[in-house]
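Structure file model.cif (mmCIF, C-alpha atoms) follows.
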```cif
data_coords
loop_
_atom_site.group_PDB
_atom_site.id
_atom_site.type_symbol
_atom_site.label_atom_id
_atom_site.label_comp_id
_atom_site.auth_asym_id
_atom_site.auth_seq_id
_atom_site.Cartn_x
_atom_site.Cartn_y
_atom_site.Cartn_z
ATOM 1 C CA MET A 1 5.874 6.577 24.325
ATOM 2 C CA GLN A 2 6.848 2.926 24.428
ATOM 3 C CA THR A 3 7.260 1.083 21.168
ATOM 4 C CA SER A 4 6.883 -2.495 20.080
ATOM 5 C CA GLN A 5 8.789 -4.355 17.367
ATOM 6 C CA VAL A 6 6.284 -5.876 14.949
ATOM 7 C CA ASN A 7 7.257 -8.387 12.271
ATOM 8 C CA LEU A 8 4.954 -8.135 9.228
ATOM 9 C CA THR A 9 5.017 -11.114 6.851
ATOM 10 C CA ILE A 10 2.945 -11.553 3.693
ATOM 11 C CA ARG A 11 2.838 -13.985 0.781
ATOM 12 C CA GLY A 12 2.476 -12.675 -2.741
ATOM 13 C CA GLU A 13 4.068 -13.113 -6.153
ATOM 14 C CA THR A 14 5.840 -10.210 -7.817
ATOM 15 C CA THR A 15 7.338 -9.452 -11.206
ATOM 16 C CA PRO A 16 11.026 -8.535 -11.658
ATOM 17 C CA GLY A 17 11.730 -5.120 -10.094
ATOM 18 C CA GLU A 18 8.389 -5.075 -8.269
ATOM 19 C CA VAL A 19 8.285 -5.046 -4.453
ATOM 20 C CA ILE A 20 5.628 -5.354 -1.777
ATOM 21 C CA ALA A 21 5.327 -2.422 0.611
ATOM 22 C CA VAL A 22 3.098 -1.440 3.519
ATOM 23 C CA VAL A 23 1.593 1.947 4.347
ATOM 24 C CA GLY A 24 -0.557 2.847 7.332
ATOM 25 C CA SER A 25 -1.912 5.204 9.935
ATOM 26 C CA CYS A 26 1.155 5.684 12.152
ATOM 27 C CA GLU A 27 4.419 7.514 11.500
ATOM 28 C CA ALA A 28 6.377 4.251 11.213
ATOM 29 C CA LEU A 29 4.079 3.266 8.320
ATOM 30 C CA GLY A 30 4.225 6.631 6.531
ATOM 31 C CA ASN A 31 0.949 8.184 7.790
ATOM 32 C CA TRP A 32 -0.872 6.865 4.682
ATOM 33 C CA SER A 33 1.634 8.526 2.320
ATOM 34 C CA TYR A 34 2.714 5.874 -0.177
ATOM 35 C CA GLN A 35 5.857 7.953 -0.835
ATOM 36 C CA LYS A 36 6.876 7.132 2.771
ATOM 37 C CA ALA A 37 5.815 3.469 2.634
ATOM 38 C CA VAL A 38 7.964 0.736 4.151
ATOM 39 C CA THR A 39 9.246 -1.844 1.679
ATOM 40 C CA LEU A 40 9.257 -5.489 2.661
ATOM 41 C CA HIS A 41 12.179 -7.761 1.824
ATOM 42 C CA PRO A 42 11.879 -11.137 0.096
ATOM 43 C CA LEU A 43 12.645 -14.214 2.175
ATOM 44 C CA GLY A 44 14.509 -16.842 0.160
ATOM 45 C CA ASP A 45 14.939 -17.152 -3.593
ATOM 46 C CA GLU A 46 11.278 -17.703 -4.492
ATOM 47 C CA ARG A 47 10.257 -14.084 -3.765
ATOM 48 C CA HIS A 48 6.823 -15.303 -2.627
ATOM 49 C CA THR A 49 7.215 -14.417 1.070
ATOM 50 C CA TRP A 50 8.049 -10.863 2.090
ATOM 51 C CA ALA A 51 8.812 -9.515 5.588
ATOM 52 C CA VAL A 52 9.875 -6.443 7.523
ATOM 53 C CA THR A 53 10.221 -5.518 11.205
ATOM 54 C CA ILE A 54 8.982 -2.075 12.221
ATOM 55 C CA SER A 55 8.778 -0.165 15.485
ATOM 56 C CA VAL A 56 5.229 1.048 16.238
ATOM 57 C CA PRO A 57 3.603 2.655 19.304
ATOM 58 C CA LYS A 58 2.830 0.004 21.923
ATOM 59 C CA GLY A 59 -0.880 -0.478 22.731
ATOM 60 C CA VAL A 60 -2.044 1.881 19.949
ATOM 61 C CA VAL A 61 -4.298 0.570 17.190
ATOM 62 C CA SER A 62 -2.691 1.139 13.791
ATOM 63 C CA THR A 63 -4.332 0.431 10.448
ATOM 64 C CA TYR A 64 -2.416 -0.517 7.314
ATOM 65 C CA ARG A 65 -2.593 -1.871 3.764
ATOM 66 C CA TYR A 66 -0.120 -3.644 1.520
ATOM 67 C CA PHE A 67 0.620 -2.673 -2.074
ATOM 68 C CA LYS A 68 2.814 -3.825 -4.940
ATOM 69 C CA GLY A 69 4.856 -1.344 -6.901
ATOM 70 C CA PHE A 70 8.200 0.004 -7.986
ATOM 71 C CA PHE A 71 10.591 2.261 -6.058
ATOM 72 C CA LEU A 72 12.667 4.193 -8.596
ATOM 73 C CA GLU A 73 15.910 5.925 -7.648
ATOM 74 C CA SER A 74 15.930 9.730 -7.743
ATOM 75 C CA LYS A 75 17.726 11.403 -10.645
ATOM 76 C CA SER A 76 19.189 13.967 -8.230
ATOM 77 C CA ALA A 77 21.655 12.936 -5.536
ATOM 78 C CA GLY A 78 19.933 12.553 -2.175
ATOM 79 C CA GLY A 79 16.487 13.202 -3.640
ATOM 80 C CA PRO A 80 13.457 11.100 -2.749
ATOM 81 C CA CYS A 81 12.780 7.998 -4.815
ATOM 82 C CA GLN A 82 9.704 7.885 -7.005
ATOM 83 C CA VAL A 83 7.091 5.337 -5.968
ATOM 84 C CA ILE A 84 4.788 3.824 -8.566
ATOM 85 C CA VAL A 85 1.936 1.776 -7.094
ATOM 86 C CA ASN A 86 0.309 -0.649 -9.505
ATOM 87 C CA LEU A 87 -1.682 -3.060 -7.277
ATOM 88 C CA TRP A 88 -3.124 -2.324 -3.843
ATOM 89 C CA GLU A 89 -5.418 -3.874 -1.263
ATOM 90 C CA THR A 90 -8.914 -2.398 -1.216
ATOM 91 C CA HIS A 91 -10.729 -4.129 1.639
ATOM 92 C CA HIS A 92 -13.525 -2.036 3.124
ATOM 93 C CA GLN A 93 -11.634 -1.959 6.427
ATOM 94 C CA PRO A 94 -7.803 -1.831 6.407
ATOM 95 C CA ARG A 95 -5.793 -4.405 8.338
ATOM 96 C CA THR A 96 -5.204 -3.543 12.011
ATOM 97 C CA MET A 97 -2.581 -4.165 14.661
ATOM 98 C CA SER A 98 -2.373 -3.227 18.318
ATOM 99 C CA PRO A 99 0.881 -4.587 19.742
ATOM 100 C CA THR A 100 0.924 -5.134 23.486
ATOM 101 C CA GLY A 101 4.362 -6.727 23.963
ATOM 102 C CA ILE A 102 7.910 -5.689 23.191
ATOM 103 C CA ASN A 103 8.028 -8.019 20.183
ATOM 104 C CA GLN A 104 5.047 -9.181 18.179
ATOM 105 C CA GLN A 105 4.701 -11.410 15.134
ATOM 106 C CA GLN A 106 1.716 -10.598 12.906
ATOM 107 C CA GLN A 107 0.085 -13.705 11.485
ATOM 108 C CA GLN A 108 1.353 -14.399 7.977
ATOM 109 C CA LYS A 109 -1.207 -13.228 5.429
ATOM 110 C CA GLN A 110 -1.771 -13.532 1.689
ATOM 111 C CA PHE A 111 -1.530 -10.306 -0.351
ATOM 112 C CA GLY A 112 -5.031 -9.057 -1.185
ATOM 113 C CA PHE A 113 -6.843 -11.626 0.968
ATOM 114 C CA ASP A 114 -8.685 -10.815 4.173
ATOM 115 C CA GLY A 115 -11.509 -13.334 4.027
ATOM 116 C CA VAL A 116 -12.081 -12.402 0.379
ATOM 117 C CA LYS A 117 -9.753 -11.159 -2.347
ATOM 118 C CA CYS A 118 -9.897 -7.376 -2.642
ATOM 119 C CA VAL A 119 -7.266 -5.711 -4.811
ATOM 120 C CA ASP A 120 -7.394 -2.943 -7.367
ATOM 121 C CA SER A 121 -4.953 -2.214 -10.144
ATOM 122 C CA GLY A 122 -3.920 0.943 -11.908
ATOM 123 C CA TRP A 123 -0.971 3.294 -11.785
ATOM 124 C CA LEU A 124 -0.641 5.604 -8.802
ATOM 125 C CA THR A 125 2.356 7.900 -9.106
ATOM 126 C CA CYS A 126 3.345 11.244 -7.635
ATOM 127 C CA GLN A 127 1.514 12.783 -10.552
ATOM 128 C CA THR A 128 -2.268 12.955 -10.993
ATOM 129 C CA ASP A 129 -4.227 9.764 -10.478
ATOM 130 C CA ILE A 130 -7.158 9.396 -12.881
ATOM 131 C CA ARG A 131 -9.387 6.355 -12.492
ATOM 132 C CA LEU A 132 -11.938 5.220 -15.043
ATOM 133 C CA ARG A 133 -14.813 2.971 -14.049
ATOM 134 C CA LEU A 134 -16.466 1.152 -16.919
ATOM 135 C CA HIS A 135 -19.103 -0.606 -14.848
ATOM 136 C CA TYR A 136 -21.999 0.434 -12.639
ATOM 137 C CA SER A 137 -20.796 2.119 -9.464
ATOM 138 C CA LYS A 138 -22.176 4.562 -6.914
ATOM 139 C CA ARG A 139 -19.062 6.650 -7.531
ATOM 140 C CA PRO A 140 -18.704 8.801 -10.653
ATOM 141 C CA PRO A 141 -17.149 7.043 -13.670
ATOM 142 C CA VAL A 142 -14.098 9.355 -13.647
ATOM 143 C CA SER A 143 -12.305 10.537 -10.535
ATOM 144 C CA ILE A 144 -9.295 12.821 -10.279
ATOM 145 C CA THR A 145 -7.308 12.932 -7.042
ATOM 146 C CA LYS A 146 -5.413 16.227 -7.299
ATOM 147 C CA LYS A 147 -7.463 18.962 -5.653
ATOM 148 C CA LYS A 148 -6.484 21.604 -8.195
ATOM 149 C CA PHE A 149 -7.934 19.448 -11.021
ATOM 150 C CA LYS A 150 -11.128 18.236 -9.269
ATOM 151 C CA LYS A 151 -13.339 20.987 -10.762
ATOM 152 C CA SER A 152 -11.610 21.023 -14.146
ATOM 153 C CA ARG A 153 -13.338 19.948 -17.352
ATOM 154 C CA PHE A 154 -11.512 17.593 -19.672
ATOM 155 C CA ARG A 155 -12.436 16.578 -23.206
#
```

Could I get this file's structure written as C-alpha cells?
Amino acid sequence: MQTSQVNLTIRGETTPGEVIAVVGSCEALGNWSYQKAVTLHPLGDERHTWAVTISVPKGVVSTYRYFKGFFLESKSAGGPCQVIVNLWETHHQPRTMSPTGINQQQQQKQFGFDGVKCVDSGWLTCQTDIRLRLHYSKRPPVSITKKKFKKSRFR
C-alpha cells in the first residue's frame, strides 16, 4: 500500500511537562489507543505551535483527535511509557484526512476548535477511568470504562 507523508500542525498552549499528541483510526496514529499516540513537537520557544510528520495510507480516510497530556518514562528499562491524558477534543465527529499526494500539509488548526470549542477534561490513565457528570445528560451520571467493573456496585 502506498503511503503519504502528512504534516499535522496545531496551535495550543500547554503547561510545563505537558505535550500535545494525536491518536486516530490508522496504525500510524495508534488505532485509537492513546498509549500508542503520536506526540507532536513544539515549534519555537513559545510552545504554542506543535507539529509532527507521519506516514499514513494514501487515499484512505483516517479520523483523528488531539489531546493534551503527560508521557511518563517507564520505571523498568525498555518498558512502555505511561500516558496520562488530561484534556481531549470531544467534537461529535473526529477530524479527518484523506491524503492523495506523496506529501500533504494539513491546515493549521487550533486545539479543541472545529467550528466550535469542544474539549473535555479529566484524567485518563492506564488504570480505570471514572467520569462523574453533575449536570443533566442523556448518559448516566457515573460511567466506568473497564469492562470488568461495568456491572460492579460502588458505595

(request) Can you work out the spacing between atom CA of Asn103 of chain A and atom CA of Val52 of chain A in Å, to one decimal? (result)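 Answer for the atom CA of Asn103 of chain A to atom CA of Val52 of chain A separation: 12.9 Å.
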
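For Gly24 of chain A, the non-local neighbours within 8 Å, defined as residues at least 4 positions apart in the same chain or in other chains and counting only C-alpha atoms, are Leu29, Gly30, Asn31, Trp32, Ser33, Ala37, Ser62, Thr63, Tyr64 and Arg65 of chain A.
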
(request) Could you tell me how far atom CA of Cys26 of chain A lies from atom CA of Pro57 of chain A, in Å and to one decimal? (result) 8.1 Å

(request) Using all atoms listed in the file, determine which residues lie at most 7 Å from segment 86-96 of chain A, disregarding the query and same-chain residues fewer than 4 positions distant; provide the list as a list of chain:residue names. (result)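 Near segment 86-96 of chain A, the qualifying residues are A:Val61, A:Ser62, A:Thr63, A:Tyr64, A:Arg65, A:Tyr66, A:Phe67, A:Lys68, A:Gly69, A:Gly112, A:Cys118, A:Val119, A:Asp120, A:Ser121, A:Gly122, A:Trp123, A:Leu124.
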
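Proximity of A:Leu43, A:Gln105, A:Thr53, A:Phe70 to Pro16 of chain A, computed with all atoms listed in the file, is greatest for A:Phe70.
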
(request) Pick out the closest residue to Lys36 of chain A from this set: A:Gln106, A:Gln82, A:Glu73, A:Asp114. Count all atoms listed in the file. (result)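 The closest residue to Lys36 of chain A is A:Gln82.
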
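When the PyMOL selection byres ((chain A and resi 108) around 8) is evaluated on the file shown here, the picked residues come out as Leu8, Thr9, Ile10, Arg11, Gln106, Gln107, Lys109 and Gln110 of chain A.
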
(message) Taking only C-alpha atoms into account, name the residue in A:Thr14, A:Ser4, A:Thr39, A:Thr49 that is nearest to Gly101 of chain A.
(response)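 Residue with the minimum atom-to-atom distance to Gly101 of chain A: A:Ser4.
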
(request) Pull out every residue that the PyMOL selection byres ((chain A and resi 40) around 6) matches in the shown coordinates and put them as a list in words. (result)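 So the PyMOL selection byres ((chain A and resi 40) around 6), applied here, picks out Ile20, Ala21, Thr39, His41, Trp50, Ala51 and Val52 of chain A.
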
(request) Work out how far atom CA of Asn7 of chain A is from atom CA of Ile84 of chain A, in Å to one decimal. (result)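 Between atom CA of Ile84 of chain A and atom CA of Asn7 of chain A the gap works out to 24.3 Å.
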
(request) Go through A:Val116, A:Ile102, A:Ala28, A:Val23 one by one, measure the shortest atom-to-atom distance of each to Lys58 of chain A using only C-alpha atoms, and give the residue with the smallest value. (result)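 Distance minimum relative to Lys58 of chain A lands on A:Ile102.
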